[in-house]
Amino acid sequence: MEYSELEKIRLQKVEKIRAAGGEPYPTRANLTHTLKQAVELFEEFEKKGTSSPLEVTLAGRIRSLRAMGKLIFSHIEDSTGRVQLMLRVNEMGEEQLNQFKEDFDIGDFVEAHGVMIRTRTGEISLQATKFRMLAKAITPLPAAKDEIVDGKVVRHAVLADPEVRYRQRYADLAVNDDVRQVFRIRAATTRSLREFLDSRGFLEVETPILQPIYGGAAARPFITHHNQLKQDLYLRISFELYLKRLLVGMLDRVYEIGRDFRNEGVSFKHNPEFTQLEFYWAYADYLKVMDLTEEMLRHVSHDVLGTTQITFNGHEIDFGKPWRRVELRQGLLDATGIDIDQHLEDEALEEAMREKGLKPKPGLSRGKLIDALIGDYLEPNFIQPTFLYDYPRDISPLAKSKPGNPAVVERFEGFVGGMELCNAFTELNDPLDQEARFLEMGRAYEADDEERHPMDDDYLRAMRYGMPPNGGFGMGIDRLVMLLTDRRSIREVILFPHLREREE
């Protein structure tokens, strides 16, 4: 490995510590408290007027260093907070103080023992009597900025370059607490979703990631191969068909939170692997699912952030209010002047779009043209939470048709902040209708078309045993976290997003 000049200097410090009989990477740490615990306990001591000193051993990463003659101030940080270390020649002697000055750098992990005090400036600190290295950082933390603290210049490590941040998330997390907070919110979000669904009688389950037949969504799959079985398998694009099998098996309310994989484009709201919530609810329809969706997101927002009002991309959004409900046909008619019910063939809708001055891509199916209209003229304007409902049957092969109107299905998509957040159906439970839809989709699309749904004979077999009427729901967790953390790129809320291979 090639080392920079700074890294070579730090490697020399590692050798120096070992030559003096120390160990820059000891096997164990001996801390008695987290930094937050130490601060809170000291504050309790102050309130009670306890005269005996609070003696602790703390550990953390060095975030700042300031030497002032025979006195050193250094801030250390762990996952719970930050505490100032105060090292004085009076408590540890000149040799120890010089060792800290010479061998310790920003980024190192240190353990320090001493008593908790409050400095003259009012900052709770650890007055150290001894210290040791826990882990020497060979590579300096990327970049730095200077801040004025109590009239003194203090240097802090920071990282701002998005490309470096995504490729070196470990460094990003190490120096940017706001990034760590994003992933704390992410964890709290999935925990809150689980608590909400568990409390309403839903059972969390796990379904296969490697599947012999993909389905449940309009997406192109990743393909892999099982050597021993000599069988091609697909990384799942959805949980849907397996979760609905469980309804046949008398598990009436089921959900799964996990990874899906779609071999499609990368954008600010798309990543090839992403986290999805899907639930299926026996004896419910898409209207009940709408109501539950409102309740669930209101609960999660308040539970995670303490409020139902969020800010996203400069917009104030309120999950506490009833969602707006827009019929798809009427929404497109209002936005574009095109009545999709009057144009039931591919060519007819394409021509209608051209007559309105729009520029559709030639040769698209009617379903894809409608999707394009939604994406261009409705989705960007749905800032406040909105349900767009009643979709054409030809783009919803797993949804149940509306009574009296077989060309339209009971489906809704939920939009927030100008992007799609969730998708739901009154699920098709007629095995004969489902088989006909599979056959129709197979004829309508080329073999490599991402909207092609392959025939799943086992799923049809399950349906023939009898599937209760049900409502199904899917939501991207990544997009929800984007909303709750006001992040405009999905890469900001995925710890290790997929990136192009870097050209050297």
# chains A, B, ... in the order shown; residues from 1 in each chain; ligands from 1
call {"tool": "residues_around", "arguments": {"residues": "range 159-176 of chain A", "least_positions_apart": "2", "cutoff": "7 Å", "atoms": "only C-alpha atoms", "output": "ChimeraX atom specification"}}
result
/A:141-143,157,178-180,495-497
call {"tool": "select_by_dssp", "arguments": {"residues": "range 379-465 of chain A", "states": "helix (DSSP H, G or I)", "output": "PyMOL selection string"}}
result
chain A and resi 379-381+393-395+431-444+457-464
call {"tool": "atom_distance", "arguments": {"atom1": "CA of Thr311 in chain A", "atom2": "CA of Arg488 in chain A"}}
result
11.5 Å
call {"tool": "residues_around", "arguments": {"residues": "Glu347 in chain A", "least_positions_apart": "2", "cutoff": "12 Å", "atoms": "only C-alpha atoms", "output": "list in words"}}
result
His343, Leu344, Glu345, Leu349, Glu350, Glu351, Ala352, Met353, Arg354, Pro360, Lys361, Pro362, Gly363, Leu364, Ser365, Arg366, Gly367 and Leu369 of chain A
call {"tool": "write_last_selection", "arguments": {"atoms": "N, CA and C atoms", "output": "PDB file, in the first residue's frame"}}
result
ATOM      1  N   HIS A 343     -59.218   7.539 -25.066  1.00  0.00           N
ATOM      2  CA  HIS A 343     -58.099   7.095 -25.911  1.00  0.00           C
ATOM      3  C   HIS A 343     -57.601   5.769 -25.352  1.00  0.00           C
ATOM      4  N   LEU A 344     -58.218   4.687 -25.762  1.00  0.00           N
ATOM      5  CA  LEU A 344     -57.966   3.375 -25.176  1.00  0.00           C
ATOM      6  C   LEU A 344     -56.889   2.579 -25.903  1.00  0.00           C
ATOM      7  N   GLU A 345     -56.424   3.075 -27.035  1.00  0.00           N
ATOM      8  CA  GLU A 345     -55.355   2.395 -27.782  1.00  0.00           C
ATOM      9  C   GLU A 345     -54.057   3.188 -27.670  1.00  0.00           C
ATOM     10  N   LEU A 349     -53.767   7.469 -27.812  1.00  0.00           N
ATOM     11  CA  LEU A 349     -53.296   8.311 -26.711  1.00  0.00           C
ATOM     12  C   LEU A 349     -52.043   9.076 -27.122  1.00  0.00           C
ATOM     13  N   GLU A 350     -51.166   8.431 -27.853  1.00  0.00           N
ATOM     14  CA  GLU A 350     -49.954   9.120 -28.312  1.00  0.00           C
ATOM     15  C   GLU A 350     -50.319  10.307 -29.197  1.00  0.00           C
ATOM     16  N   GLU A 351     -51.294  10.115 -30.080  1.00  0.00           N
ATOM     17  CA  GLU A 351     -51.714  11.198 -30.966  1.00  0.00           C
ATOM     18  C   GLU A 351     -52.367  12.329 -30.175  1.00  0.00           C
ATOM     19  N   ALA A 352     -53.180  11.976 -29.168  1.00  0.00           N
ATOM     20  CA  ALA A 352     -53.810  13.004 -28.330  1.00  0.00           C
ATOM     21  C   ALA A 352     -52.767  13.840 -27.597  1.00  0.00           C
ATOM     22  N   MET A 353     -51.719  13.202 -27.168  1.00  0.00           N
ATOM     23  CA  MET A 353     -50.654  13.925 -26.477  1.00  0.00           C
ATOM     24  C   MET A 353     -49.952  14.879 -27.441  1.00  0.00           C
ATOM     25  N   ARG A 354     -49.724  14.436 -28.679  1.00  0.00           N
ATOM     26  CA  ARG A 354     -49.082  15.319 -29.657  1.00  0.00           C
ATOM     27  C   ARG A 354     -49.973  16.516 -29.990  1.00  0.00           C
ATOM     28  N   PRO A 360     -44.499  12.802 -26.616  1.00  0.00           N
ATOM     29  CA  PRO A 360     -44.323  11.440 -26.112  1.00  0.00           C
ATOM     30  C   PRO A 360     -43.267  10.691 -26.898  1.00  0.00           C
ATOM     31  N   LYS A 361     -42.601   9.754 -26.236  1.00  0.00           N
ATOM     32  CA  LYS A 361     -41.636   8.901 -26.907  1.00  0.00           C
ATOM     33  C   LYS A 361     -42.389   7.941 -27.822  1.00  0.00           C
ATOM     34  N   PRO A 362     -42.031   7.853 -29.078  1.00  0.00           N
ATOM     35  CA  PRO A 362     -42.791   7.015 -30.019  1.00  0.00           C
ATOM     36  C   PRO A 362     -42.782   5.541 -29.631  1.00  0.00           C
ATOM     37  N   GLY A 363     -43.911   4.889 -29.881  1.00  0.00           N
ATOM     38  CA  GLY A 363     -43.988   3.444 -29.733  1.00  0.00           C
ATOM     39  C   GLY A 363     -44.229   2.934 -28.340  1.00  0.00           C
ATOM     40  N   LEU A 364     -44.491   3.813 -27.379  1.00  0.00           N
ATOM     41  CA  LEU A 364     -44.757   3.352 -26.022  1.00  0.00           C
ATOM     42  C   LEU A 364     -46.161   2.774 -25.921  1.00  0.00           C
ATOM     43  N   SER A 365     -46.341   1.849 -24.972  1.00  0.00           N
ATOM     44  CA  SER A 365     -47.671   1.321 -24.706  1.00  0.00           C
ATOM     45  C   SER A 365     -48.524   2.387 -24.023  1.00  0.00           C
ATOM     46  N   ARG A 366     -49.822   2.165 -24.035  1.00  0.00           N
ATOM     47  CA  ARG A 366     -50.736   3.111 -23.386  1.00  0.00           C
ATOM     48  C   ARG A 366     -50.387   3.265 -21.901  1.00  0.00           C
ATOM     49  N   GLY A 367     -50.064   2.149 -21.248  1.00  0.00           N
ATOM     50  CA  GLY A 367     -49.730   2.221 -19.832  1.00  0.00           C
ATOM     51  C   GLY A 367     -48.509   3.081 -19.567  1.00  0.00           C
ATOM     52  N   LEU A 369     -47.389   5.463 -21.516  1.00  0.00           N
ATOM     53  CA  LEU A 369     -47.736   6.853 -21.809  1.00  0.00           C
ATOM     54  C   LEU A 369     -48.441   7.498 -20.624  1.00  0.00           C
TER      55      LEU A 369
END
call {"tool": "select_by_dssp", "arguments": {"residues": "range 262-330 of chain A", "states": "strand (DSSP E)", "output": "list of chain:residue names"}}
result
A:Glu273, A:Phe274, A:Thr275, A:Gln276, A:Leu277, A:Glu278, A:Phe279, A:Tyr280, A:Trp281, A:Ala282, A:Gln309, A:Ile310, A:Thr311, A:Phe312, A:His315, A:Glu316, A:Ile317, A:Asp318, A:Arg324, A:Arg325, A:Val326, A:Glu327
call {"tool": "residues_around", "arguments": {"residues": "Gly306 in chain A", "least_positions_apart": "4", "cutoff": "12 Å", "atoms": "only C-alpha atoms", "output": "list in words"}}
result
Ile185, Ala188, Arg298, His299, Val300, Ser301, His302, Ile310, Phe319, Gly320 and Leu484 of chain A
call {"tool": "write_last_selection", "arguments": {"atoms": "C-alpha atoms", "output": "mmCIF file, in the first residue's frame"}}
result
data_model
loop_
_atom_site.group_PDB
_atom_site.id
_atom_site.type_symbol
_atom_site.label_atom_id
_atom_site.label_comp_id
_atom_site.auth_asym_id
_atom_site.auth_seq_id
_atom_site.Cartn_x
_atom_site.Cartn_y
_atom_site.Cartn_z
ATOM 1 C CA ILE A 185 -33.749 8.567 12.231
ATOM 2 C CA ALA A 188 -36.185 4.862 14.436
ATOM 3 C CA ARG A 298 -48.981 10.319 11.042
ATOM 4 C CA HIS A 299 -47.872 7.948 13.807
ATOM 5 C CA VAL A 300 -44.349 7.449 12.431
ATOM 6 C CA SER A 301 -43.713 11.149 11.888
ATOM 7 C CA HIS A 302 -44.835 12.047 15.395
ATOM 8 C CA ILE A 310 -41.883 18.299 8.358
ATOM 9 C CA PHE A 319 -48.820 14.400 7.863
ATOM 10 C CA GLY A 320 -51.387 15.329 10.492
ATOM 11 C CA LEU A 484 -38.230 12.816 7.395
#
call {"tool": "residues_around", "arguments": {"residues": "Leu54 in chain A", "least_positions_apart": "4", "cutoff": "7 Å", "atoms": "only C-alpha atoms", "output": "PyMOL selection string"}}
result
chain A and resi 42+115-116
call {"tool": "write_last_selection", "arguments": {"atoms": "C-alpha atoms", "output": "short mmCIF file (atom, residue, chain, number, x, y, z; two decimals), in the first residue's frame"}}
result
data_model
loop_
_atom_site.label_atom_id
_atom_site.label_comp_id
_atom_site.auth_asym_id
_atom_site.auth_seq_id
_atom_site.Cartn_x
_atom_site.Cartn_y
_atom_site.Cartn_z
CA PHE A 42 -21.94 14.80 36.97
CA VAL A 115 -12.47 13.34 37.61
CA MET A 116 -15.34 15.27 36.10
#
call {"tool": "residues_around", "arguments": {"residues": "Lys101 in chain A", "least_positions_apart": "6", "cutoff": "9 Å", "atoms": "only C-alpha atoms", "output": "PyMOL selection string"}}
result
chain A and resi 65+67+72
call {"tool": "residues_around", "arguments": {"residues": "Leu460 in chain A", "least_positions_apart": "3", "cutoff": "6 Å", "atoms": "only C-alpha atoms", "output": "mmCIF file with N, CA and C atoms, in the first residue's frame"}}
result
data_model
loop_
_atom_site.group_PDB
_atom_site.id
_atom_site.type_symbol
_atom_site.label_atom_id
_atom_site.label_comp_id
_atom_site.auth_asym_id
_atom_site.auth_seq_id
_atom_site.Cartn_x
_atom_site.Cartn_y
_atom_site.Cartn_z
ATOM 1 N N PRO A 431 -58.416 -16.547 -9.270
ATOM 2 C CA PRO A 431 -57.308 -17.224 -9.965
ATOM 3 C C PRO A 431 -57.501 -17.286 -11.475
ATOM 4 N N ASP A 457 -46.951 -20.323 -11.984
ATOM 5 C CA ASP A 457 -47.925 -21.401 -11.816
ATOM 6 C C ASP A 457 -48.164 -21.734 -10.350
ATOM 7 N N MET A 463 -53.626 -19.557 -5.290
ATOM 8 C CA MET A 463 -54.889 -18.820 -5.400
ATOM 9 C C MET A 463 -56.074 -19.772 -5.560
#
call {"tool": "closest_residue", "arguments": {"among": "A:Arg253, A:Arg502, A:Arg461, A:Arg28", "to": "Arg200 in chain A", "atoms": "only C-alpha atoms"}}
result
A:Arg253
call {"tool": "closest_residue", "arguments": {"among": "A:Ser74, A:Gln330, A:Ser396, A:Asn470", "to": "Phe438 in chain A", "atoms": "only C-alpha atoms"}}
result
A:Ser396
call {"tool": "closest_residue", "arguments": {"among": "A:Val182, A:Ala436, A:Val39, A:Leu87", "to": "Val493 in chain A", "atoms": "only C-alpha atoms"}}
result
A:Val182
call {"tool": "closest_residue", "arguments": {"among": "A:Pro212, A:Pro322, A:Gly69, A:Pro385", "to": "Leu233 in chain A", "atoms": "only C-alpha atoms"}}
result
A:Pro212
call {"tool": "closest_residue", "arguments": {"among": "A:Lys244, A:Arg61, A:Arg186, A:His270", "to": "Pro469 in chain A", "atoms": "only C-alpha atoms"}}
result
A:Lys244
call {"tool": "atom_distance", "arguments": {"atom1": "CA of Tyr255 in chain A", "atom2": "CA of Thr190 in chain A"}}
result
12.4 Å
call {"tool": "decode", "arguments": {"residues": "range 448-498 of chain A", "atoms": "C-alpha atoms", "output": "PDB file, in the first residue's frame"}}
result
ATOM      1  CA  ASP A 448     -37.012  -8.127 -22.174  1.00  0.00           C
ATOM      2  CA  ASP A 449     -39.658  -5.526 -21.295  1.00  0.00           C
ATOM      3  CA  GLU A 450     -39.405  -4.501 -17.657  1.00  0.00           C
ATOM      4  CA  GLU A 451     -43.203  -4.506 -17.273  1.00  0.00           C
ATOM      5  CA  ARG A 452     -43.556  -8.115 -18.381  1.00  0.00           C
ATOM      6  CA  HIS A 453     -44.957 -10.355 -15.633  1.00  0.00           C
ATOM      7  CA  PRO A 454     -43.944 -14.004 -16.121  1.00  0.00           C
ATOM      8  CA  MET A 455     -46.466 -16.749 -15.464  1.00  0.00           C
ATOM      9  CA  ASP A 456     -46.161 -18.040 -11.885  1.00  0.00           C
ATOM     10  CA  ASP A 457     -47.925 -21.401 -11.816  1.00  0.00           C
ATOM     11  CA  ASP A 458     -47.304 -21.990  -8.125  1.00  0.00           C
ATOM     12  CA  TYR A 459     -48.867 -18.648  -7.240  1.00  0.00           C
ATOM     13  CA  LEU A 460     -51.915 -19.546  -9.333  1.00  0.00           C
ATOM     14  CA  ARG A 461     -52.062 -22.922  -7.578  1.00  0.00           C
ATOM     15  CA  ALA A 462     -52.089 -21.119  -4.224  1.00  0.00           C
ATOM     16  CA  MET A 463     -54.889 -18.820  -5.400  1.00  0.00           C
ATOM     17  CA  ARG A 464     -56.976 -21.815  -6.456  1.00  0.00           C
ATOM     18  CA  TYR A 465     -57.030 -23.006  -2.837  1.00  0.00           C
ATOM     19  CA  GLY A 466     -58.897 -19.792  -2.082  1.00  0.00           C
ATOM     20  CA  MET A 467     -57.452 -16.363  -1.273  1.00  0.00           C
ATOM     21  CA  PRO A 468     -59.515 -14.003   0.890  1.00  0.00           C
ATOM     22  CA  PRO A 469     -60.263 -10.533  -0.450  1.00  0.00           C
ATOM     23  CA  ASN A 470     -57.447  -8.284   0.681  1.00  0.00           C
ATOM     24  CA  GLY A 471     -55.696  -4.973   0.398  1.00  0.00           C
ATOM     25  CA  GLY A 472     -51.976  -4.778  -0.273  1.00  0.00           C
ATOM     26  CA  PHE A 473     -49.499  -1.954   0.257  1.00  0.00           C
ATOM     27  CA  GLY A 474     -45.875  -1.217  -0.612  1.00  0.00           C
ATOM     28  CA  MET A 475     -43.705   1.731   0.466  1.00  0.00           C
ATOM     29  CA  GLY A 476     -40.051   2.618  -0.048  1.00  0.00           C
ATOM     30  CA  ILE A 477     -38.414   3.122   3.342  1.00  0.00           C
ATOM     31  CA  ASP A 478     -35.555   5.053   1.745  1.00  0.00           C
ATOM     32  CA  ARG A 479     -37.920   7.662   0.315  1.00  0.00           C
ATOM     33  CA  LEU A 480     -39.765   7.992   3.614  1.00  0.00           C
ATOM     34  CA  VAL A 481     -36.450   8.645   5.367  1.00  0.00           C
ATOM     35  CA  MET A 482     -35.605  11.221   2.681  1.00  0.00           C
ATOM     36  CA  LEU A 483     -38.788  13.054   3.646  1.00  0.00           C
ATOM     37  CA  LEU A 484     -38.230  12.816   7.395  1.00  0.00           C
ATOM     38  CA  THR A 485     -34.611  14.026   7.148  1.00  0.00           C
ATOM     39  CA  ASP A 486     -35.082  16.585   4.339  1.00  0.00           C
ATOM     40  CA  ARG A 487     -32.602  14.887   2.029  1.00  0.00           C
ATOM     41  CA  ARG A 488     -33.015  15.280  -1.738  1.00  0.00           C
ATOM     42  CA  SER A 489     -30.963  12.251  -2.773  1.00  0.00           C
ATOM     43  CA  ILE A 490     -31.599   8.617  -1.899  1.00  0.00           C
ATOM     44  CA  ARG A 491     -27.828   8.228  -1.579  1.00  0.00           C
ATOM     45  CA  GLU A 492     -27.979  10.404   1.526  1.00  0.00           C
ATOM     46  CA  VAL A 493     -30.158   7.881   3.371  1.00  0.00           C
ATOM     47  CA  ILE A 494     -28.517   4.606   2.264  1.00  0.00           C
ATOM     48  CA  LEU A 495     -25.357   3.776   4.153  1.00  0.00           C
ATOM     49  CA  PHE A 496     -23.567   2.292   1.151  1.00  0.00           C
ATOM     50  CA  PRO A 497     -25.297   3.411  -2.070  1.00  0.00           C
ATOM     51  CA  HIS A 498     -24.402   1.858  -5.399  1.00  0.00           C
TER      52      HIS A 498
END
